[in-house]
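Reproduced below: input_11.txt, with compact mmCIF, N, CA, C and O atoms.
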# COMPACT_ATOMS: atom_id res chain seq x y z
N MET O 1 24.49 5.06 14.02
CA MET O 1 23.39 5.99 13.91
C MET O 1 22.52 5.86 15.15
O MET O 1 22.22 4.76 15.60
N LYS O 2 22.10 6.98 15.66
CA LYS O 2 21.25 7.01 16.84
C LYS O 2 19.80 7.14 16.37
O LYS O 2 19.47 7.98 15.54
N VAL O 3 18.92 6.30 16.91
CA VAL O 3 17.51 6.32 16.54
C VAL O 3 16.70 6.78 17.75
O VAL O 3 16.86 6.25 18.85
N HIS O 4 15.85 7.77 17.53
CA HIS O 4 14.97 8.28 18.58
C HIS O 4 13.54 7.91 18.21
O HIS O 4 13.17 7.96 17.05
N GLU O 5 12.76 7.54 19.20
CA GLU O 5 11.36 7.25 18.93
C GLU O 5 10.50 7.69 20.10
O GLU O 5 10.97 7.74 21.24
N LEU O 6 9.25 7.98 19.82
CA LEU O 6 8.31 8.35 20.86
C LEU O 6 7.99 7.12 21.70
O LEU O 6 8.03 5.99 21.20
N ALA O 7 7.63 7.32 22.93
CA ALA O 7 7.38 6.21 23.86
C ALA O 7 6.29 5.26 23.36
O ALA O 7 6.36 4.06 23.58
N PHE O 8 5.28 5.79 22.68
CA PHE O 8 4.17 4.95 22.23
C PHE O 8 4.41 4.28 20.89
O PHE O 8 3.61 3.47 20.44
N TYR O 9 5.52 4.57 20.25
CA TYR O 9 5.79 4.08 18.90
C TYR O 9 5.63 2.56 18.76
O TYR O 9 4.94 2.07 17.90
N SER O 10 6.27 1.82 19.64
CA SER O 10 6.24 0.36 19.53
C SER O 10 4.88 -0.22 19.90
O SER O 10 4.59 -1.38 19.61
N LYS O 11 4.03 0.57 20.53
CA LYS O 11 2.71 0.10 20.94
C LYS O 11 1.63 0.41 19.90
O LYS O 11 0.48 0.00 20.06
N PHE O 12 1.97 1.18 18.85
CA PHE O 12 0.96 1.57 17.87
C PHE O 12 0.45 0.37 17.09
O PHE O 12 1.21 -0.48 16.64
N ASN O 13 -0.85 0.28 16.95
CA ASN O 13 -1.51 -0.69 16.09
C ASN O 13 -2.64 0.01 15.37
O ASN O 13 -3.39 0.78 15.98
N CYS O 14 -2.77 -0.26 14.10
CA CYS O 14 -3.88 0.30 13.33
C CYS O 14 -5.18 -0.26 13.88
O CYS O 14 -5.31 -1.47 14.11
N LEU O 15 -6.16 0.60 14.10
CA LEU O 15 -7.46 0.17 14.62
C LEU O 15 -8.41 -0.27 13.52
O LEU O 15 -9.50 -0.75 13.80
N GLY O 16 -7.99 -0.05 12.26
CA GLY O 16 -8.84 -0.45 11.14
C GLY O 16 -10.20 0.21 11.20
O GLY O 16 -10.30 1.42 11.37
N LYS O 17 -11.27 -0.57 11.11
CA LYS O 17 -12.62 -0.02 11.05
C LYS O 17 -13.04 0.69 12.33
O LYS O 17 -13.99 1.46 12.33
N ASP O 18 -12.32 0.48 13.44
CA ASP O 18 -12.66 1.13 14.70
C ASP O 18 -11.97 2.47 14.89
O ASP O 18 -12.16 3.13 15.91
N CYS O 19 -11.19 2.88 13.91
CA CYS O 19 -10.45 4.14 14.01
C CYS O 19 -11.43 5.31 13.95
O CYS O 19 -12.23 5.42 13.02
N PRO O 20 -11.36 6.23 14.92
CA PRO O 20 -12.27 7.37 14.90
C PRO O 20 -11.86 8.45 13.89
O PRO O 20 -12.66 9.28 13.50
N TYR O 21 -10.60 8.40 13.44
CA TYR O 21 -10.10 9.44 12.53
C TYR O 21 -9.01 8.81 11.68
O TYR O 21 -7.93 8.52 12.17
N THR O 22 -9.28 8.61 10.42
CA THR O 22 -8.33 7.89 9.57
C THR O 22 -7.04 8.66 9.38
O THR O 22 -7.01 9.88 9.39
N CYS O 23 -5.97 7.90 9.16
CA CYS O 23 -4.65 8.50 9.00
C CYS O 23 -4.52 9.26 7.68
O CYS O 23 -3.62 10.05 7.51
N CYS O 24 -5.41 9.02 6.74
CA CYS O 24 -5.28 9.69 5.43
C CYS O 24 -6.29 10.82 5.27
O CYS O 24 -6.50 11.32 4.18
N HIS O 25 -6.92 11.26 6.34
CA HIS O 25 -7.91 12.34 6.26
C HIS O 25 -7.23 13.68 6.03
O HIS O 25 -6.47 14.15 6.88
N GLY O 26 -7.45 14.26 4.88
CA GLY O 26 -6.94 15.59 4.58
C GLY O 26 -5.47 15.69 4.24
O GLY O 26 -4.95 16.77 4.03
N TRP O 27 -4.79 14.58 4.18
CA TRP O 27 -3.36 14.59 3.88
C TRP O 27 -3.09 14.86 2.42
O TRP O 27 -3.90 14.56 1.55
N LYS O 28 -1.90 15.38 2.12
CA LYS O 28 -1.37 15.38 0.77
C LYS O 28 -0.57 14.09 0.68
O LYS O 28 0.52 13.98 1.23
N ILE O 29 -1.15 13.09 0.03
CA ILE O 29 -0.53 11.77 -0.01
C ILE O 29 0.26 11.63 -1.31
O ILE O 29 -0.32 11.58 -2.39
N ILE O 30 1.57 11.59 -1.19
CA ILE O 30 2.46 11.51 -2.35
C ILE O 30 2.79 10.04 -2.62
O ILE O 30 3.16 9.31 -1.72
N TYR O 31 2.64 9.66 -3.89
CA TYR O 31 2.99 8.30 -4.30
C TYR O 31 4.45 8.28 -4.72
O TYR O 31 4.86 9.00 -5.62
N ASP O 32 5.26 7.47 -4.06
CA ASP O 32 6.69 7.39 -4.35
C ASP O 32 6.91 6.55 -5.62
O ASP O 32 6.05 5.78 -6.04
N GLU O 33 8.06 6.73 -6.23
CA GLU O 33 8.37 6.07 -7.51
C GLU O 33 8.39 4.55 -7.42
O GLU O 33 7.92 3.87 -8.32
N ASP O 34 8.92 3.99 -6.34
CA ASP O 34 8.96 2.53 -6.21
C ASP O 34 7.56 1.93 -6.21
O ASP O 34 7.29 0.94 -6.89
N SER O 35 6.66 2.54 -5.45
CA SER O 35 5.28 2.04 -5.39
C SER O 35 4.59 2.23 -6.73
O SER O 35 3.83 1.36 -7.18
N LEU O 36 4.85 3.34 -7.41
CA LEU O 36 4.28 3.57 -8.74
C LEU O 36 4.78 2.52 -9.73
O LEU O 36 4.01 2.04 -10.58
N ASN O 37 6.04 2.16 -9.62
CA ASN O 37 6.59 1.13 -10.51
C ASN O 37 5.91 -0.22 -10.29
O ASN O 37 5.69 -0.97 -11.24
N HIS O 38 5.57 -0.54 -9.05
CA HIS O 38 4.82 -1.77 -8.78
C HIS O 38 3.46 -1.72 -9.49
O HIS O 38 3.03 -2.69 -10.10
N ILE O 39 2.80 -0.58 -9.39
CA ILE O 39 1.48 -0.43 -10.02
C ILE O 39 1.59 -0.59 -11.53
O ILE O 39 0.74 -1.22 -12.16
N LYS O 40 2.64 -0.05 -12.13
CA LYS O 40 2.82 -0.15 -13.58
C LYS O 40 2.98 -1.58 -14.06
O LYS O 40 2.75 -1.88 -15.23
N GLN O 41 3.33 -2.48 -13.16
CA GLN O 41 3.50 -3.90 -13.51
C GLN O 41 2.17 -4.66 -13.51
O GLN O 41 2.10 -5.78 -14.00
N LEU O 42 1.14 -4.04 -12.93
CA LEU O 42 -0.17 -4.70 -12.88
C LEU O 42 -0.79 -4.75 -14.28
O LEU O 42 -0.54 -3.87 -15.10
N PRO O 43 -1.63 -5.74 -14.55
CA PRO O 43 -2.38 -5.74 -15.81
C PRO O 43 -3.22 -4.47 -15.91
O PRO O 43 -3.66 -3.93 -14.89
N PHE O 44 -3.46 -4.02 -17.12
CA PHE O 44 -4.14 -2.74 -17.36
C PHE O 44 -5.45 -2.63 -16.58
O PHE O 44 -5.72 -1.60 -15.96
N LYS O 45 -6.28 -3.65 -16.59
CA LYS O 45 -7.59 -3.59 -15.93
C LYS O 45 -7.46 -3.40 -14.42
O LYS O 45 -8.32 -2.80 -13.79
N GLU O 46 -6.41 -3.92 -13.83
CA GLU O 46 -6.20 -3.75 -12.39
C GLU O 46 -5.54 -2.41 -12.09
O GLU O 46 -5.78 -1.81 -11.04
N ARG O 47 -4.71 -1.94 -12.99
CA ARG O 47 -3.97 -0.69 -12.82
C ARG O 47 -4.87 0.53 -12.99
O ARG O 47 -4.70 1.54 -12.30
N LEU O 48 -5.85 0.45 -13.87
CA LEU O 48 -6.66 1.61 -14.23
C LEU O 48 -7.39 2.24 -13.05
O LEU O 48 -7.34 3.46 -12.89
N PRO O 49 -8.07 1.48 -12.18
CA PRO O 49 -8.75 2.14 -11.05
C PRO O 49 -7.79 2.89 -10.12
O PRO O 49 -8.14 3.92 -9.57
N ILE O 50 -6.59 2.37 -9.97
CA ILE O 50 -5.60 3.06 -9.13
C ILE O 50 -5.17 4.35 -9.82
O ILE O 50 -5.13 5.42 -9.21
N GLN O 51 -4.86 4.26 -11.11
CA GLN O 51 -4.40 5.44 -11.85
C GLN O 51 -5.46 6.54 -11.87
O GLN O 51 -5.13 7.72 -11.86
N ARG O 52 -6.72 6.17 -11.90
CA ARG O 52 -7.81 7.16 -11.89
C ARG O 52 -7.86 7.92 -10.56
O ARG O 52 -8.39 9.02 -10.51
N GLY O 53 -7.32 7.33 -9.51
CA GLY O 53 -7.30 7.98 -8.21
C GLY O 53 -6.05 8.81 -7.96
O GLY O 53 -5.85 9.31 -6.87
N LEU O 54 -5.22 8.97 -9.01
CA LEU O 54 -3.97 9.72 -8.89
C LEU O 54 -3.99 10.96 -9.76
O LEU O 54 -4.72 11.02 -10.75
N THR O 55 -3.18 11.93 -9.40
CA THR O 55 -3.02 13.14 -10.19
C THR O 55 -1.57 13.60 -10.11
O THR O 55 -0.85 13.23 -9.18
N LYS O 56 -1.15 14.39 -11.06
CA LYS O 56 0.21 14.95 -11.06
C LYS O 56 0.13 16.42 -10.71
O LYS O 56 -0.73 17.14 -11.21
N LYS O 57 1.03 16.86 -9.82
CA LYS O 57 1.10 18.27 -9.46
C LYS O 57 2.52 18.59 -9.03
O LYS O 57 3.09 17.89 -8.20
N ASP O 58 3.08 19.63 -9.64
CA ASP O 58 4.44 20.07 -9.30
C ASP O 58 5.45 18.93 -9.38
O ASP O 58 6.33 18.81 -8.53
N GLY O 59 5.31 18.05 -10.38
CA GLY O 59 6.24 16.95 -10.58
C GLY O 59 6.04 15.77 -9.64
O GLY O 59 6.83 14.84 -9.65
N MET O 60 4.99 15.83 -8.81
CA MET O 60 4.72 14.73 -7.87
C MET O 60 3.44 14.02 -8.29
O MET O 60 2.55 14.62 -8.89
N THR O 61 3.35 12.75 -7.95
CA THR O 61 2.12 12.00 -8.15
C THR O 61 1.41 11.95 -6.81
O THR O 61 1.97 11.48 -5.82
N LEU O 62 0.19 12.46 -6.78
CA LEU O 62 -0.59 12.55 -5.55
C LEU O 62 -1.87 11.75 -5.68
O LEU O 62 -2.41 11.58 -6.78
N ILE O 63 -2.38 11.30 -4.55
CA ILE O 63 -3.70 10.67 -4.52
C ILE O 63 -4.73 11.78 -4.50
O ILE O 63 -4.62 12.73 -3.72
N LYS O 64 -5.74 11.68 -5.38
CA LYS O 64 -6.83 12.66 -5.42
C LYS O 64 -7.79 12.38 -4.28
O LYS O 64 -8.47 11.36 -4.26
N LEU O 65 -7.84 13.28 -3.32
CA LEU O 65 -8.74 13.10 -2.19
C LEU O 65 -10.18 13.41 -2.61
O LEU O 65 -10.42 14.28 -3.43
N LYS O 66 -11.12 12.67 -2.03
CA LYS O 66 -12.54 12.90 -2.24
C LYS O 66 -13.14 13.24 -0.88
O LYS O 66 -13.11 12.40 0.02
N LYS O 67 -13.62 14.48 -0.75
CA LYS O 67 -14.15 14.94 0.54
C LYS O 67 -13.11 14.76 1.64
O LYS O 67 -13.41 14.28 2.73
N GLN O 68 -11.87 15.10 1.34
CA GLN O 68 -10.73 15.03 2.26
C GLN O 68 -10.33 13.60 2.65
O GLN O 68 -9.57 13.40 3.58
N LEU O 69 -10.85 12.60 1.92
CA LEU O 69 -10.51 11.21 2.20
C LEU O 69 -9.85 10.56 1.00
O LEU O 69 -10.14 10.90 -0.15
N CYS O 70 -9.00 9.59 1.27
CA CYS O 70 -8.36 8.81 0.22
C CYS O 70 -9.43 8.00 -0.51
O CYS O 70 -10.25 7.33 0.13
N PRO O 71 -9.44 8.01 -1.84
CA PRO O 71 -10.45 7.25 -2.59
C PRO O 71 -10.27 5.74 -2.47
O PRO O 71 -11.17 4.99 -2.83
N PHE O 72 -9.14 5.29 -1.94
CA PHE O 72 -8.88 3.87 -1.80
C PHE O 72 -9.26 3.35 -0.41
O PHE O 72 -9.09 2.18 -0.11
N LEU O 73 -9.78 4.24 0.43
CA LEU O 73 -10.21 3.86 1.77
C LEU O 73 -11.48 3.02 1.66
O LEU O 73 -12.45 3.41 1.01
N THR O 74 -11.47 1.85 2.28
CA THR O 74 -12.63 0.95 2.20
C THR O 74 -13.68 1.34 3.25
O THR O 74 -13.44 2.18 4.11
N ALA O 75 -14.83 0.69 3.18
CA ALA O 75 -15.90 0.93 4.15
C ALA O 75 -15.43 0.57 5.57
O ALA O 75 -15.94 1.12 6.55
N ASN O 76 -14.45 -0.32 5.67
CA ASN O 76 -13.90 -0.71 6.97
C ASN O 76 -12.77 0.21 7.42
O ASN O 76 -12.05 -0.11 8.37
N LYS O 77 -12.58 1.33 6.71
CA LYS O 77 -11.52 2.31 7.01
C LYS O 77 -10.13 1.71 6.92
O LYS O 77 -9.25 2.01 7.72
N THR O 78 -9.94 0.83 5.98
CA THR O 78 -8.63 0.25 5.72
C THR O 78 -8.24 0.56 4.28
O THR O 78 -9.06 1.00 3.47
N CYS O 79 -6.99 0.32 3.94
CA CYS O 79 -6.49 0.63 2.61
C CYS O 79 -6.86 -0.47 1.61
O CYS O 79 -6.41 -1.61 1.73
N GLY O 80 -7.66 -0.09 0.63
CA GLY O 80 -8.08 -1.04 -0.40
C GLY O 80 -6.91 -1.52 -1.25
O GLY O 80 -6.91 -2.67 -1.70
N ILE O 81 -5.93 -0.66 -1.46
CA ILE O 81 -4.76 -1.06 -2.25
C ILE O 81 -3.97 -2.12 -1.50
O ILE O 81 -3.59 -3.14 -2.07
N GLN O 82 -3.75 -1.91 -0.21
CA GLN O 82 -3.02 -2.89 0.58
C GLN O 82 -3.79 -4.21 0.63
O GLN O 82 -3.21 -5.28 0.50
N GLU O 83 -5.09 -4.14 0.83
CA GLU O 83 -5.90 -5.35 0.91
C GLU O 83 -5.85 -6.17 -0.37
O GLU O 83 -5.76 -7.38 -0.34
N GLN O 84 -5.92 -5.47 -1.51
CA GLN O 84 -5.99 -6.18 -2.79
C GLN O 84 -4.63 -6.58 -3.34
O GLN O 84 -4.49 -7.65 -3.92
N TYR O 85 -3.61 -5.72 -3.15
CA TYR O 85 -2.33 -5.96 -3.81
C TYR O 85 -1.15 -6.15 -2.85
O TYR O 85 -0.12 -6.67 -3.25
N GLY O 86 -1.24 -5.64 -1.65
CA GLY O 86 -0.13 -5.75 -0.70
C GLY O 86 0.56 -4.43 -0.44
O GLY O 86 0.34 -3.44 -1.14
N LYS O 87 1.41 -4.41 0.58
CA LYS O 87 2.07 -3.19 1.02
C LYS O 87 2.98 -2.57 -0.03
O LYS O 87 3.16 -1.36 -0.05
N ALA O 88 3.55 -3.35 -0.91
CA ALA O 88 4.48 -2.81 -1.91
C ALA O 88 3.79 -1.84 -2.87
O ALA O 88 4.46 -1.02 -3.50
N TYR O 89 2.47 -1.89 -2.95
CA TYR O 89 1.73 -1.06 -3.90
C TYR O 89 1.19 0.22 -3.27
O TYR O 89 0.68 1.08 -3.96
N MET O 90 1.27 0.33 -1.96
CA MET O 90 0.80 1.54 -1.31
C MET O 90 1.95 2.53 -1.17
O MET O 90 3.11 2.14 -1.15
N PRO O 91 1.64 3.83 -1.10
CA PRO O 91 2.71 4.82 -0.95
C PRO O 91 3.50 4.61 0.33
O PRO O 91 2.95 4.16 1.34
N ASP O 92 4.78 4.94 0.28
CA ASP O 92 5.64 4.80 1.46
C ASP O 92 5.06 5.52 2.68
O ASP O 92 5.09 5.00 3.78
N ILE O 93 4.53 6.72 2.46
CA ILE O 93 4.02 7.51 3.59
C ILE O 93 2.89 6.78 4.31
O ILE O 93 2.77 6.84 5.52
N CYS O 94 2.08 6.04 3.56
CA CYS O 94 0.99 5.28 4.19
C CYS O 94 1.54 4.08 4.95
O CYS O 94 1.02 3.73 6.01
N GLU O 95 2.57 3.48 4.42
CA GLU O 95 3.15 2.30 5.06
C GLU O 95 3.84 2.64 6.38
O GLU O 95 3.82 1.86 7.31
N ILE O 96 4.43 3.83 6.48
CA ILE O 96 5.18 4.17 7.69
C ILE O 96 4.34 4.93 8.72
O ILE O 96 4.82 5.17 9.83
N PHE O 97 3.11 5.33 8.38
CA PHE O 97 2.29 6.06 9.34
C PHE O 97 2.12 5.22 10.60
O PHE O 97 1.93 4.03 10.51
N PRO O 98 2.18 5.75 11.79
CA PRO O 98 2.28 7.15 12.20
C PRO O 98 3.72 7.56 12.47
O PRO O 98 3.97 8.48 13.20
N ARG O 99 4.62 6.85 11.86
CA ARG O 99 6.03 7.12 12.10
C ARG O 99 6.49 8.32 11.28
O ARG O 99 5.99 8.56 10.20
N LEU O 100 7.44 9.03 11.77
CA LEU O 100 7.99 10.20 11.08
C LEU O 100 9.48 9.99 10.89
O LEU O 100 10.19 9.72 11.85
N ARG O 101 9.92 10.08 9.65
CA ARG O 101 11.35 9.96 9.37
C ARG O 101 11.96 11.35 9.28
O ARG O 101 11.42 12.21 8.61
N THR O 102 13.07 11.52 9.94
CA THR O 102 13.79 12.77 9.86
C THR O 102 15.26 12.43 9.61
O THR O 102 15.86 11.67 10.36
N ASN O 103 15.80 13.01 8.58
CA ASN O 103 17.21 12.80 8.26
C ASN O 103 17.98 14.04 8.71
O ASN O 103 17.80 15.11 8.18
N TYR O 104 18.83 13.86 9.69
CA TYR O 104 19.61 14.97 10.22
C TYR O 104 20.96 15.10 9.53
O TYR O 104 21.78 15.90 9.92
N HIS O 105 21.19 14.31 8.50
CA HIS O 105 22.42 14.36 7.68
C HIS O 105 23.69 14.18 8.51
O HIS O 105 24.67 14.89 8.34
N TYR O 106 23.68 13.24 9.43
CA TYR O 106 24.87 12.93 10.22
C TYR O 106 25.68 11.89 9.50
O TYR O 106 25.23 11.00 8.91

In structure tokens, how does this file's structure come out?
Amino acid sequence: MKVHELAFYSKFNCLGKDCPYTCCHGWKIIYDEDSLNHIKQLPFKERLPIQRGLTKKDGMTLIKLKKQLCPFLTANKTCGIQEQYGKAYMPDICEIFPRLRTNYHY
């Protein structure tokens, strides 16, 4: 398989609180099934705040944006879910940002 990447790809680092424009601003953030299954394993009291930030639409589970921002974004502009629970609990799309996957079916 041939892999193509942009020249800056390997140099990307999240700026965290210094980011001028968060990666989740205005996005339709879809929660994948694997990450949702991790959340379902959490105790009810820990799971509830995450579930309150989600909604179902057209068979997908989406994060409910508040003023075009992810409700899990901390004051430091980082992911509260990742900070508290780890990468396995955040949606795949958030974990791979700013990378773009394209399957050319080769």

Could you give me, as a PDB file with N, CA, C and O atoms, in the coordinates of the input, the residues within 7 Å of O:Asp34, counting all atoms listed in the file and dropping anything in the same chain fewer than 4 positions from it?
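Result went into part26.pdb, see below:
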ATOM      1  N   HIS O  38       5.570  -0.540  -9.050  1.00  0.00           N
ATOM      2  CA  HIS O  38       4.820  -1.770  -8.780  1.00  0.00           C
ATOM      3  C   HIS O  38       3.460  -1.720  -9.490  1.00  0.00           C
ATOM      4  O   HIS O  38       3.030  -2.690 -10.100  1.00  0.00           O
ATOM      5  N   ILE O  39       2.800  -0.580  -9.390  1.00  0.00           N
ATOM      6  CA  ILE O  39       1.480  -0.430 -10.020  1.00  0.00           C
ATOM      7  C   ILE O  39       1.590  -0.590 -11.530  1.00  0.00           C
ATOM      8  O   ILE O  39       0.740  -1.220 -12.160  1.00  0.00           O
ATOM      9  N   ALA O  88       3.550  -3.350  -0.910  1.00  0.00           N
ATOM     10  CA  ALA O  88       4.480  -2.810  -1.910  1.00  0.00           C
ATOM     11  C   ALA O  88       3.790  -1.840  -2.870  1.00  0.00           C
ATOM     12  O   ALA O  88       4.460  -1.020  -3.500  1.00  0.00           O
ATOM     13  N   TYR O  89       2.470  -1.890  -2.950  1.00  0.00           N
ATOM     14  CA  TYR O  89       1.730  -1.060  -3.900  1.00  0.00           C
ATOM     15  C   TYR O  89       1.190   0.220  -3.270  1.00  0.00           C
ATOM     16  O   TYR O  89       0.680   1.080  -3.960  1.00  0.00           O
ATOM     17  N   MET O  90       1.270   0.330  -1.960  1.00  0.00           N
ATOM     18  CA  MET O  90       0.800   1.540  -1.310  1.00  0.00           C
ATOM     19  C   MET O  90       1.950   2.530  -1.170  1.00  0.00           C
ATOM     20  O   MET O  90       3.110   2.140  -1.150  1.00  0.00           O
TER      21      MET O  90
END

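One finds atom C of O:Met60 at 14.5 Å from atom C of O:Ile93.
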
Self-check item: Secondary structure check, alpha helix (DSSP H) residues of stretch 14-102 of chain O, as a ChimeraX atom specification
Solution: /O:33-40,44-52,80-85,92-96

Could you save those same residues with N, CA, C and O atoms as a CSV table (one decimal), in the coordinates of the input?
chain,number,residue,atom,x,y,z
O,33,GLU,N,8.1,6.7,-6.2
O,33,GLU,CA,8.4,6.1,-7.5
O,33,GLU,C,8.4,4.6,-7.4
O,33,GLU,O,7.9,3.9,-8.3
O,34,ASP,N,8.9,4.0,-6.3
O,34,ASP,CA,9.0,2.5,-6.2
O,34,ASP,C,7.6,1.9,-6.2
O,34,ASP,O,7.3,0.9,-6.9
O,35,SER,N,6.7,2.5,-5.4
O,35,SER,CA,5.3,2.0,-5.4
O,35,SER,C,4.6,2.2,-6.7
O,35,SER,O,3.8,1.4,-7.2
O,36,LEU,N,4.8,3.3,-7.4
O,36,LEU,CA,4.3,3.6,-8.7
O,36,LEU,C,4.8,2.5,-9.7
O,36,LEU,O,4.0,2.0,-10.6
O,37,ASN,N,6.0,2.2,-9.6
O,37,ASN,CA,6.6,1.1,-10.5
O,37,ASN,C,5.9,-0.2,-10.3
O,37,ASN,O,5.7,-1.0,-11.2
O,38,HIS,N,5.6,-0.5,-9.0
O,38,HIS,CA,4.8,-1.8,-8.8
O,38,HIS,C,3.5,-1.7,-9.5
O,38,HIS,O,3.0,-2.7,-10.1
O,39,ILE,N,2.8,-0.6,-9.4
O,39,ILE,CA,1.5,-0.4,-10.0
O,39,ILE,C,1.6,-0.6,-11.5
O,39,ILE,O,0.7,-1.2,-12.2
O,40,LYS,N,2.6,0.0,-12.1
O,40,LYS,CA,2.8,-0.2,-13.6
O,40,LYS,C,3.0,-1.6,-14.1
O,40,LYS,O,2.8,-1.9,-15.2
O,44,PHE,N,-3.5,-4.0,-17.1
O,44,PHE,CA,-4.1,-2.7,-17.4
O,44,PHE,C,-5.4,-2.6,-16.6
O,44,PHE,O,-5.7,-1.6,-16.0
O,45,LYS,N,-6.3,-3.6,-16.6
O,45,LYS,CA,-7.6,-3.6,-15.9
O,45,LYS,C,-7.5,-3.4,-14.4
O,45,LYS,O,-8.3,-2.8,-13.8
O,46,GLU,N,-6.4,-3.9,-13.8
O,46,GLU,CA,-6.2,-3.8,-12.4
O,46,GLU,C,-5.5,-2.4,-12.1
O,46,GLU,O,-5.8,-1.8,-11.0
O,47,ARG,N,-4.7,-1.9,-13.0
O,47,ARG,CA,-4.0,-0.7,-12.8
O,47,ARG,C,-4.9,0.5,-13.0
O,47,ARG,O,-4.7,1.5,-12.3
O,48,LEU,N,-5.8,0.4,-13.9
O,48,LEU,CA,-6.7,1.6,-14.2
O,48,LEU,C,-7.4,2.2,-13.0
O,48,LEU,O,-7.3,3.5,-12.9
O,49,PRO,N,-8.1,1.5,-12.2
O,49,PRO,CA,-8.8,2.1,-11.0
O,49,PRO,C,-7.8,2.9,-10.1
O,49,PRO,O,-8.1,3.9,-9.6
O,50,ILE,N,-6.6,2.4,-10.0
O,50,ILE,CA,-5.6,3.1,-9.1
O,50,ILE,C,-5.2,4.4,-9.8
O,50,ILE,O,-5.1,5.4,-9.2
O,51,GLN,N,-4.9,4.3,-11.1
O,51,GLN,CA,-4.4,5.4,-11.8
O,51,GLN,C,-5.5,6.5,-11.9
O,51,GLN,O,-5.1,7.7,-11.9
O,52,ARG,N,-6.7,6.2,-11.9
O,52,ARG,CA,-7.8,7.2,-11.9
O,52,ARG,C,-7.9,7.9,-10.6
O,52,ARG,O,-8.4,9.0,-10.5
O,80,GLY,N,-7.7,-0.1,0.6
O,80,GLY,CA,-8.1,-1.0,-0.4
O,80,GLY,C,-6.9,-1.5,-1.2
O,80,GLY,O,-6.9,-2.7,-1.7
O,81,ILE,N,-5.9,-0.7,-1.5
O,81,ILE,CA,-4.8,-1.1,-2.2
O,81,ILE,C,-4.0,-2.1,-1.5
O,81,ILE,O,-3.6,-3.1,-2.1
O,82,GLN,N,-3.8,-1.9,-0.2
O,82,GLN,CA,-3.0,-2.9,0.6
O,82,GLN,C,-3.8,-4.2,0.6
O,82,GLN,O,-3.2,-5.3,0.5
O,83,GLU,N,-5.1,-4.1,0.8
O,83,GLU,CA,-5.9,-5.4,0.9
O,83,GLU,C,-5.8,-6.2,-0.4
O,83,GLU,O,-5.8,-7.4,-0.3
O,84,GLN,N,-5.9,-5.5,-1.5
O,84,GLN,CA,-6.0,-6.2,-2.8
O,84,GLN,C,-4.6,-6.6,-3.3
O,84,GLN,O,-4.5,-7.6,-3.9
O,85,TYR,N,-3.6,-5.7,-3.2
O,85,TYR,CA,-2.3,-6.0,-3.8
O,85,TYR,C,-1.2,-6.2,-2.8
O,85,TYR,O,-0.1,-6.7,-3.2
O,92,ASP,N,4.8,4.9,0.3
O,92,ASP,CA,5.6,4.8,1.5
O,92,ASP,C,5.1,5.5,2.7
O,92,ASP,O,5.1,5.0,3.8
O,93,ILE,N,4.5,6.7,2.5
O,93,ILE,CA,4.0,7.5,3.6
O,93,ILE,C,2.9,6.8,4.3
O,93,ILE,O,2.8,6.8,5.5
O,94,CYS,N,2.1,6.0,3.6
O,94,CYS,CA,1.0,5.3,4.2
O,94,CYS,C,1.5,4.1,5.0
O,94,CYS,O,1.0,3.7,6.0
O,95,GLU,N,2.6,3.5,4.4
O,95,GLU,CA,3.2,2.3,5.1
O,95,GLU,C,3.8,2.6,6.4
O,95,GLU,O,3.8,1.9,7.3
O,96,ILE,N,4.4,3.8,6.5
O,96,ILE,CA,5.2,4.2,7.7
O,96,ILE,C,4.3,4.9,8.7
O,96,ILE,O,4.8,5.2,9.8

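Going from atom N of O:Asn37 over to atom C of O:Ile50, you cover 11.4 Å.
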
Size and centre in Å, one decimal, axis-aligned box, all listed stretch 60-77 of chain O atoms plus 6 Å per side, as lines of an AutoDock Vina configuration file:
center_x = -5.5
center_y = 7.6
center_z = -0.3
size_x = 32.9
size_y = 28.5
size_z = 29.3

Quiz prompt | Proximity to O:Leu36 - best of O:Arg52, O:Thr78, O:Glu95, O:Thr61, only C-alpha atoms | solution = O:Thr61

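A straight line drawn from atom CA of O:Lys87 to atom CA of O:Gln41 is 14.6 Å long.
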
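Shell of O:Pro71 at 8 Å, with only N, CA, C and O atoms counted and residues fewer than 4 places along the chain excluded, is O:Cys24, O:Pro49, O:Gly53, O:Ile63, O:Lys64, O:Leu65, O:Lys66, O:Lys67, O:Thr78, O:Gly80, O:Ile81.
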
Self-check item: Of the listed residues O:Lys11, O:Cys94, O:Ile29, O:Lys2, that which approaches O:Leu54 most closely, counting only C-alpha atoms
Solution: O:Ile29

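Counting only C-alpha atoms, the residue from O:Lys56, O:Lys28, O:Lys40, O:Arg47 that sits nearest to O:Gln68 is O:Lys28.
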